[in-house]
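Asker: The following block contains the structure, expressed as structure tokens.
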Amino acid sequence: MSGLPAPGRALVVGLARSGRAAAGLLRDLGWQVVAVDRDAVPADDLRAAGVEVRAPSEDPVPADLVIRSPGVPREAPPLAAAYAAGTPVWSEIELASRAMPNPVMAITGTNGKTTTTELLAHLLRSAGLDAVACGNVGTPMASLVGQMAGDCWLVAECSSFQLEDTPSFHPHAAVLLNVTPDHLDRYPDFAAYRQAKLNVFAHQDAGDLAILPAGMDCPGAAPTRHVSDGADEGPDTVSWAAEGLHVRGLGRVAPWDAIPLRGAHNRQNVMAAAAMAAHAGLGGAEIAAGLATFPGVPHRLEVVGTAGGVTFVNDSKATNPAAAIAALDAYPVGVRLIAGGSSKGTPFADLAAAAAGAVVHAYLIGETGPEMGAEMAAVGVASTLVGGLPEAVSQAARDAVPGDVVLLAPACASFDQFTGYEHRGDVFREAARGVGAR
């Protein structure tokens with residue numbers, strides 16, 4: 001924990017969950033706080049707490065410290081002015097980590113962050129340790145300051161946006177699960193996106209755990225470690241698969257058929273979470289018991305139910321092509337795929353290639369539907385453009401035969417038709433139940 005400067009005037013840019021939490025924390029710490037948002041947002045609670053709210057506004061505001069919400073691009077006028085003036089700009093997780101003594105474990109990556117975060121927190125709790133999942137998973141870290149004992153583990157899901165503007169953020173264990181093209185509407189190129197992810201390791205020391213994909217090196221002082229889905233048990237491998245889950249120092253922890261999470265991508269998630277749990281002091285039996293009782297995460301390969309022998313699976317969190325490809329790995333045949341949404345600038349050719357072996361028919365929605373349909377046609381996958389998600393579910397259910405899987409794996413963001421991926425998944429769940437899935 002690097003500590004905070006003496007209270008002065010702070011500017012919070014963006015008033016979604018993390019921005020609101022940051023504004024409230026700064027007020028509690030004695031700062032004069034101005035909070036801005038480009039949209040008109042409800043803020044009576046913040047005003048009652050003494051925060052000066054200017055919304056809608058994007059006017060620059062002089063301040064001693066600026067907190068940037070992850071949804072706000074660097075080019076936004078209040079941020080651009082702060083960078084130009086040399087004013088310190090921090091992310092919300094930087095602010096929170098300076099304000100609390102708790103040990104942090106950080107999970108980042110293009111895909112698998114939420115499942116790994118929730119799984120690791122579950123493993124720690126099931127072994128009797130205090131742990132809370134926070135960050136991009138939904139609970140802002142700043143909202144937890146002063147709410148728990150100092151030895152409670154913070155298991156933080158970190159997006160690339162949250163890892164920008166983190167001059168001292170120091171997790172005791174951190175993992176980069178994977179990095180594939182995403183958010184190219186916000187970054188100038190893939191290299192910039194990749195570098196933002198690598199920031200999670202920048203301030204670690206030699207006693208910390210840093211897990212990266214094979215072939216990538218840690219930019220901080222922690223030695224580079226990795227997980228392997230083969231039988232690699234070399235000196236840098238912290239966990240691996242060889243007739244079950246193995247963790248260095250603990251041996252074989254559990255057979256894979258005792259672990260309920262499905263798909264090769266989830267095998268990687270399990271290995272990373274197990275290695276981090278071992279770093280926190282858990283033994284093999286404790287890890288195995290926690291893995292066996294993990295209930296999974298909503299909107300991540302969530303089996304909604306079956307109807308007439310057809311399974312309905314909600315993977316609304318598959319917000320990029322790589323995540324949708326991972327879903328097809330978990331369900332490799334008989335898939336009636338529902339995909340499409342708002343564009344993030346990512347191509348769909350690889351998704352179409354994966355669909356060629358798994359998808360019976362694709363039902364495409366949203367602004368990217370036509371582009372995705374053209375890629376599907378190029379590899380011989382039949383598809384239909386559908387007006388909306390409920391209609392797609394209904395049509396897929398009518399077309400399906402016993403043994404088929406109606407899979408929502410959009411490969412896109414949701415903001416053309418929904419408030420977020422959770423809303424999209426809820427609509428899918430309701431539509432599936434409307435056609436009899438139980």
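Going by the structure tokens order, chains are called A, B, ..., each with residues numbered from 1, while ligands are numbered from 1 in the order shown.
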What's around region 289-299 of chain A at 8 Å? Count only C-alpha atoms, leave out sequence neighbours fewer than 5 positions away in its own chain, and write the answer as a ChimeraX atom specification.

Answerer: /A:114-115,118-119,122-123,126-127,258-261,314-317,421-422,425

Asker: Got time to write the residues from that selection, N, CA and C atoms, as a PDB file, in the first residue's frame?

Answerer:
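Now in again-v2.pdb:
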```pdb
ATOM      1  N   THR A 114     -13.938 -13.357 -15.201  1.00  0.00           N
ATOM      2  CA  THR A 114     -14.963 -13.429 -14.162  1.00  0.00           C
ATOM      3  C   THR A 114     -15.046 -14.822 -13.558  1.00  0.00           C
ATOM      4  N   THR A 115     -15.022 -15.848 -14.396  1.00  0.00           N
ATOM      5  CA  THR A 115     -15.072 -17.209 -13.863  1.00  0.00           C
ATOM      6  C   THR A 115     -13.884 -17.469 -12.942  1.00  0.00           C
ATOM      7  N   GLU A 118     -14.306 -15.422  -9.589  1.00  0.00           N
ATOM      8  CA  GLU A 118     -15.302 -16.009  -8.685  1.00  0.00           C
ATOM      9  C   GLU A 118     -14.826 -17.359  -8.150  1.00  0.00           C
ATOM     10  N   LEU A 119     -14.169 -18.142  -9.004  1.00  0.00           N
ATOM     11  CA  LEU A 119     -13.667 -19.450  -8.561  1.00  0.00           C
ATOM     12  C   LEU A 119     -12.603 -19.284  -7.482  1.00  0.00           C
ATOM     13  N   HIS A 122     -14.105 -18.294  -4.249  1.00  0.00           N
ATOM     14  CA  HIS A 122     -14.801 -19.451  -3.684  1.00  0.00           C
ATOM     15  C   HIS A 122     -13.817 -20.435  -3.049  1.00  0.00           C
ATOM     16  N   LEU A 123     -12.689 -20.688  -3.705  1.00  0.00           N
ATOM     17  CA  LEU A 123     -11.689 -21.599  -3.151  1.00  0.00           C
ATOM     18  C   LEU A 123     -11.174 -21.084  -1.809  1.00  0.00           C
ATOM     19  N   SER A 126     -14.031 -21.313   0.818  1.00  0.00           N
ATOM     20  CA  SER A 126     -14.361 -22.688   1.198  1.00  0.00           C
ATOM     21  C   SER A 126     -13.291 -23.291   2.096  1.00  0.00           C
ATOM     22  N   ALA A 127     -12.080 -22.716   2.067  1.00  0.00           N
ATOM     23  CA  ALA A 127     -11.001 -23.176   2.944  1.00  0.00           C
ATOM     24  C   ALA A 127     -10.968 -22.409   4.261  1.00  0.00           C
ATOM     25  N   ALA A 258     -13.966 -34.724 -11.808  1.00  0.00           N
ATOM     26  CA  ALA A 258     -14.505 -34.275 -10.523  1.00  0.00           C
ATOM     27  C   ALA A 258     -14.691 -32.764 -10.488  1.00  0.00           C
ATOM     28  N   ILE A 259     -14.329 -32.089 -11.581  1.00  0.00           N
ATOM     29  CA  ILE A 259     -14.412 -30.623 -11.648  1.00  0.00           C
ATOM     30  C   ILE A 259     -15.528 -30.263 -12.620  1.00  0.00           C
ATOM     31  N   PRO A 260     -16.589 -29.577 -12.155  1.00  0.00           N
ATOM     32  CA  PRO A 260     -17.779 -29.407 -12.997  1.00  0.00           C
ATOM     33  C   PRO A 260     -17.643 -28.434 -14.155  1.00  0.00           C
ATOM     34  N   LEU A 261     -16.684 -27.510 -14.135  1.00  0.00           N
ATOM     35  CA  LEU A 261     -16.571 -26.535 -15.219  1.00  0.00           C
ATOM     36  C   LEU A 261     -16.217 -27.229 -16.527  1.00  0.00           C
ATOM     37  N   ASN A 314     -26.641 -20.087 -21.841  1.00  0.00           N
ATOM     38  CA  ASN A 314     -26.455 -18.642 -21.824  1.00  0.00           C
ATOM     39  C   ASN A 314     -24.981 -18.320 -21.610  1.00  0.00           C
ATOM     40  N   ASP A 315     -24.305 -17.894 -22.663  1.00  0.00           N
ATOM     41  CA  ASP A 315     -22.915 -17.433 -22.557  1.00  0.00           C
ATOM     42  C   ASP A 315     -22.844 -15.981 -23.016  1.00  0.00           C
ATOM     43  N   SER A 316     -23.724 -15.153 -22.463  1.00  0.00           N
ATOM     44  CA  SER A 316     -23.801 -13.755 -22.868  1.00  0.00           C
ATOM     45  C   SER A 316     -22.502 -13.012 -22.612  1.00  0.00           C
ATOM     46  N   LYS A 317     -21.684 -13.505 -21.674  1.00  0.00           N
ATOM     47  CA  LYS A 317     -20.403 -12.852 -21.378  1.00  0.00           C
ATOM     48  C   LYS A 317     -19.383 -13.063 -22.503  1.00  0.00           C
ATOM     49  N   TYR A 421     -24.132  -6.981 -20.842  1.00  0.00           N
ATOM     50  CA  TYR A 421     -24.239  -8.408 -21.132  1.00  0.00           C
ATOM     51  C   TYR A 421     -25.169  -9.108 -20.145  1.00  0.00           C
ATOM     52  N   GLU A 422     -25.271  -8.589 -18.893  1.00  0.00           N
ATOM     53  CA  GLU A 422     -26.180  -9.210 -17.930  1.00  0.00           C
ATOM     54  C   GLU A 422     -27.626  -9.084 -18.405  1.00  0.00           C
ATOM     55  N   GLY A 425     -28.189 -11.491 -21.206  1.00  0.00           N
ATOM     56  CA  GLY A 425     -28.343 -12.859 -20.708  1.00  0.00           C
ATOM     57  C   GLY A 425     -29.670 -13.075 -20.026  1.00  0.00           C
TER      58      GLY A 425
END
```

Asker: Return as a PyMOL selection string the full set of residues in region 120-310 of chain A whose backbone-based DSSP assignment is strand (DSSP E or B).

Answerer: chain A and resi 131-135+153-157+173-176+209-211+224-228+237-241+245-247+251-254+302-307+310

Asker: Taking the backbone alone, and naming residues the way the document does, which bits of region 21-203 of chain A are alpha helix (DSSP H) by DSSP, as an MDAnalysis selection string?

Answerer: chainID A and resid 21:28 44:48 77:85 92:99 113:126 190:198

Asker: Filtering to C-alpha atoms, could you give me those residues as a PDB file, in the first residue's frame?

Answerer:
```pdb
ATOM      1  CA  ALA A  21     -17.575   4.424  -5.287  1.00  0.00           C
ATOM      2  CA  ALA A  22     -14.413   6.491  -5.783  1.00  0.00           C
ATOM      3  CA  ALA A  23     -16.268   9.766  -5.207  1.00  0.00           C
ATOM      4  CA  GLY A  24     -17.809   8.445  -2.003  1.00  0.00           C
ATOM      5  CA  LEU A  25     -14.482   7.141  -0.725  1.00  0.00           C
ATOM      6  CA  LEU A  26     -12.683  10.412  -1.382  1.00  0.00           C
ATOM      7  CA  ARG A  27     -15.358  12.343   0.493  1.00  0.00           C
ATOM      8  CA  ASP A  28     -15.028   9.921   3.426  1.00  0.00           C
ATOM      9  CA  ASP A  44     -28.823  12.689  -5.231  1.00  0.00           C
ATOM     10  CA  ASP A  45     -26.951  10.290  -2.946  1.00  0.00           C
ATOM     11  CA  LEU A  46     -23.591  11.749  -3.943  1.00  0.00           C
ATOM     12  CA  ARG A  47     -24.811  15.313  -3.532  1.00  0.00           C
ATOM     13  CA  ALA A  48     -26.174  14.418  -0.092  1.00  0.00           C
ATOM     14  CA  PRO A  77     -11.870  16.583 -22.282  1.00  0.00           C
ATOM     15  CA  PRO A  78     -11.510  16.473 -18.466  1.00  0.00           C
ATOM     16  CA  LEU A  79      -8.924  13.690 -18.711  1.00  0.00           C
ATOM     17  CA  ALA A  80      -7.053  15.167 -21.659  1.00  0.00           C
ATOM     18  CA  ALA A  81      -6.731  18.433 -19.736  1.00  0.00           C
ATOM     19  CA  ALA A  82      -5.456  16.609 -16.635  1.00  0.00           C
ATOM     20  CA  TYR A  83      -2.834  14.664 -18.581  1.00  0.00           C
ATOM     21  CA  ALA A  84      -1.695  17.834 -20.329  1.00  0.00           C
ATOM     22  CA  ALA A  85      -1.389  19.669 -16.997  1.00  0.00           C
ATOM     23  CA  GLU A  92     -10.345   3.497  -9.109  1.00  0.00           C
ATOM     24  CA  ILE A  93      -8.395   0.338  -8.209  1.00  0.00           C
ATOM     25  CA  GLU A  94      -5.236   2.428  -7.716  1.00  0.00           C
ATOM     26  CA  LEU A  95      -7.119   4.704  -5.327  1.00  0.00           C
ATOM     27  CA  ALA A  96      -8.678   1.812  -3.407  1.00  0.00           C
ATOM     28  CA  SER A  97      -5.489  -0.210  -3.102  1.00  0.00           C
ATOM     29  CA  ARG A  98      -3.705   2.813  -1.617  1.00  0.00           C
ATOM     30  CA  ALA A  99      -6.499   3.276   0.927  1.00  0.00           C
ATOM     31  CA  LYS A 113     -11.647 -13.218 -15.949  1.00  0.00           C
ATOM     32  CA  THR A 114     -14.963 -13.429 -14.162  1.00  0.00           C
ATOM     33  CA  THR A 115     -15.072 -17.209 -13.863  1.00  0.00           C
ATOM     34  CA  THR A 116     -11.503 -17.311 -12.538  1.00  0.00           C
ATOM     35  CA  THR A 117     -12.171 -14.447 -10.113  1.00  0.00           C
ATOM     36  CA  GLU A 118     -15.302 -16.009  -8.685  1.00  0.00           C
ATOM     37  CA  LEU A 119     -13.667 -19.450  -8.561  1.00  0.00           C
ATOM     38  CA  LEU A 120     -10.590 -18.203  -6.693  1.00  0.00           C
ATOM     39  CA  ALA A 121     -12.698 -16.302  -4.155  1.00  0.00           C
ATOM     40  CA  HIS A 122     -14.801 -19.451  -3.684  1.00  0.00           C
ATOM     41  CA  LEU A 123     -11.689 -21.599  -3.151  1.00  0.00           C
ATOM     42  CA  LEU A 124     -10.363 -19.233  -0.499  1.00  0.00           C
ATOM     43  CA  ARG A 125     -13.710 -18.959   1.302  1.00  0.00           C
ATOM     44  CA  SER A 126     -14.361 -22.688   1.198  1.00  0.00           C
ATOM     45  CA  PHE A 190      -3.469  -4.664 -30.374  1.00  0.00           C
ATOM     46  CA  ALA A 191      -0.053  -3.876 -28.889  1.00  0.00           C
ATOM     47  CA  ALA A 192      -1.522  -1.033 -26.799  1.00  0.00           C
ATOM     48  CA  TYR A 193      -4.313  -3.283 -25.532  1.00  0.00           C
ATOM     49  CA  ARG A 194      -1.797  -6.005 -24.654  1.00  0.00           C
ATOM     50  CA  GLN A 195       0.412  -3.531 -22.800  1.00  0.00           C
ATOM     51  CA  ALA A 196      -2.511  -2.346 -20.696  1.00  0.00           C
ATOM     52  CA  LYS A 197      -3.075  -5.933 -19.564  1.00  0.00           C
ATOM     53  CA  LEU A 198       0.604  -6.351 -18.677  1.00  0.00           C
TER      54      LEU A 198
END
```

Asker: Considering only C-alpha atoms, return as an MDAnalysis selection string whatever protein or nucleic-acid residues lie within 9 Å of region 162-176 of chain A, sequence-local ones (same chain, fewer than 6 positions apart) excluded.

Answerer: chainID A and resid 1:2 67:71 88:95 97:98 103:110 113 135:136 196:205 207:213 226 272:273 276 279:280

Asker: So that I can see what lies close to Val379 (chain A), please list as a PDB file with C-alpha atoms, in the first residue's frame the residues with an atom at most 8 Å from it, counting only C-alpha atoms and leaving out residues fewer than 2 positions away in the same chain.

Answerer:
```
ATOM      1  CA  ALA A 352     -16.884 -18.588 -38.628  1.00  0.00           C
ATOM      2  CA  ALA A 353     -14.130 -21.183 -39.064  1.00  0.00           C
ATOM      3  CA  ALA A 356     -18.101 -24.640 -39.504  1.00  0.00           C
ATOM      4  CA  GLU A 375     -18.307 -14.666 -42.816  1.00  0.00           C
ATOM      5  CA  MET A 376     -20.555 -17.615 -41.987  1.00  0.00           C
ATOM      6  CA  ALA A 377     -21.663 -17.934 -45.607  1.00  0.00           C
ATOM      7  CA  VAL A 381     -22.580 -22.162 -42.275  1.00  0.00           C
TER       8      VAL A 381
END
```

Asker: Which residues come within 10 Å of Ala323 (chain A), counting only C-alpha atoms, excluding same-chain residues fewer than 5 positions away, as a PyMOL selection string?

Answerer: chain A and resi 110-112+180+265+300+315-318+328-329+351+409-412

Asker: Based on the selection just made, write C-alpha atoms of those residues as a PDB file, in the first residue's frame.

Answerer:
```pdb
ATOM      1  CA  THR A 110      -9.403 -11.068 -22.639  1.00  0.00           C
ATOM      2  CA  ASN A 111     -11.581 -14.003 -21.605  1.00  0.00           C
ATOM      3  CA  GLY A 112     -12.197 -16.029 -18.464  1.00  0.00           C
ATOM      4  CA  THR A 180      -6.568 -11.771 -28.010  1.00  0.00           C
ATOM      5  CA  HIS A 265     -10.823 -22.595 -21.617  1.00  0.00           C
ATOM      6  CA  ARG A 300     -20.842 -17.924 -18.541  1.00  0.00           C
ATOM      7  CA  ASP A 315     -22.915 -17.433 -22.557  1.00  0.00           C
ATOM      8  CA  SER A 316     -23.801 -13.755 -22.868  1.00  0.00           C
ATOM      9  CA  LYS A 317     -20.403 -12.852 -21.378  1.00  0.00           C
ATOM     10  CA  ALA A 318     -18.820 -14.087 -24.643  1.00  0.00           C
ATOM     11  CA  LEU A 328     -18.023 -23.760 -29.231  1.00  0.00           C
ATOM     12  CA  ASP A 329     -15.144 -25.810 -27.844  1.00  0.00           C
ATOM     13  CA  LEU A 351     -15.383 -17.489 -35.321  1.00  0.00           C
ATOM     14  CA  ALA A 409     -22.456 -16.709 -27.556  1.00  0.00           C
ATOM     15  CA  PRO A 410     -22.701 -13.257 -29.150  1.00  0.00           C
ATOM     16  CA  ALA A 411     -18.989 -12.542 -29.844  1.00  0.00           C
ATOM     17  CA  CYS A 412     -19.911  -8.854 -29.556  1.00  0.00           C
TER      18      CYS A 412
END
```

Asker: Figure out the distance between CA of Ala133 (chain A) and CA of Ala432 (chain A), please, to one decimal in Å.

Answerer: 29.0 Å

Asker: To one decimal place, how far is CA of Phe415 (chain A) from CA of Thr346 (chain A) in Å?

Answerer: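 These atoms are spaced 15.4 Å apart.
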
Asker: In terms of the shortest atom-to-atom distance over only C-alpha atoms, which of A:Glu367, A:Asp64, A:Asp182, A:Glu430 is closest to Pro7 (chain A)?

Answerer: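 Going through A:Glu367, A:Asp64, A:Asp182, A:Glu430 one by one, the smallest distance to Pro7 (chain A) is for A:Asp64.
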
Asker: So which one's closest to Ala358 (chain A), A:Ala327, A:Ala214, A:Ala431, A:Val155? Using only C-alpha atoms, please.

Answerer: A:Ala327

Asker: Taking into account only C-alpha atoms, which residue in the set A:Val359, A:Ala254, A:Ala156, A:Ala278 is nearest to Val405 (chain A)?

Answerer: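 When distances to Val405 (chain A) are compared using only C-alpha atoms, the smallest one comes from A:Val359.
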
Asker: Measuring between only C-alpha atoms, which one of A:Val435, A:Val36, A:Cys134, A:Met141 shows the shortest distance to Gly305 (chain A)?

Answerer: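 Nearest candidate to Gly305 (chain A) out of A:Val435, A:Val36, A:Cys134, A:Met141: A:Val435.
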
Asker: Ranking A:Ala307, A:Ala43, A:Leu29, A:Ala10 by minimum distance to Leu65 (chain A) and counting only C-alpha atoms, which one comes first?

Answerer: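 Among the listed residues, A:Ala10 lies closest to Leu65 (chain A).
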
Asker: Quote the spacing between CA of Gly263 (chain A) and CA of Ala330 (chain A) in Å to one decimal place.

Answerer: 4.2 Å

Asker: Got a sec: who's within 6 Å of Ala241 (chain A), counting only C-alpha atoms, leaving out chain neighbours fewer than 2 positions off, as a PDB file with N, CA and C atoms, in the first residue's frame?

Answerer:
```pdb
ATOM      1  N   ASP A 229      -1.917 -26.892 -20.421  1.00  0.00           N
ATOM      2  CA  ASP A 229      -2.989 -27.874 -20.600  1.00  0.00           C
ATOM      3  C   ASP A 229      -2.451 -29.212 -21.075  1.00  0.00           C
ATOM      4  N   GLY A 230      -1.129 -29.333 -21.215  1.00  0.00           N
ATOM      5  CA  GLY A 230      -0.520 -30.620 -21.532  1.00  0.00           C
ATOM      6  C   GLY A 230       0.030 -31.259 -20.267  1.00  0.00           C
ATOM      7  N   ALA A 231       1.147 -31.919 -20.378  1.00  0.00           N
ATOM      8  CA  ALA A 231       1.757 -32.567 -19.226  1.00  0.00           C
ATOM      9  C   ALA A 231       3.049 -31.864 -18.833  1.00  0.00           C
ATOM     10  N   GLY A 244      -5.617 -35.141 -14.910  1.00  0.00           N
ATOM     11  CA  GLY A 244      -6.144 -34.417 -13.770  1.00  0.00           C
ATOM     12  C   GLY A 244      -5.389 -33.131 -13.543  1.00  0.00           C
ATOM     13  N   LEU A 245      -5.846 -32.373 -12.563  1.00  0.00           N
ATOM     14  CA  LEU A 245      -5.227 -31.108 -12.216  1.00  0.00           C
ATOM     15  C   LEU A 245      -4.054 -31.336 -11.278  1.00  0.00           C
TER      16      LEU A 245
END
```

Asker: Can you tell me which residues surround Pro402 (chain A) at a distance of at most 9 Å, considering only C-alpha atoms, apart from same-chain residues fewer than 2 positions away, and format the answer as a VMD selection string?

Answerer: chain A and resid 307 to 311 400 404 to 405

Asker: For C-alpha atoms, I'd like the residues from the last selection saved as a short mmCIF file (atom, residue, chain, number, x, y, z; two decimals), in the first residue's frame.

Answerer:
```
data_model
loop_
_atom_site.label_atom_id
_atom_site.label_comp_id
_atom_site.auth_asym_id
_atom_site.auth_seq_id
_atom_site.Cartn_x
_atom_site.Cartn_y
_atom_site.Cartn_z
CA ALA A 307 -37.04 -28.44 -23.50
CA GLY A 308 -37.88 -31.38 -25.72
CA GLY A 309 -34.33 -32.70 -25.52
CA VAL A 310 -32.85 -29.31 -26.54
CA THR A 311 -30.40 -27.61 -24.15
CA ALA A 400 -34.04 -27.56 -33.09
CA ASP A 404 -29.26 -29.79 -30.20
CA VAL A 405 -27.90 -26.92 -28.12
#
```
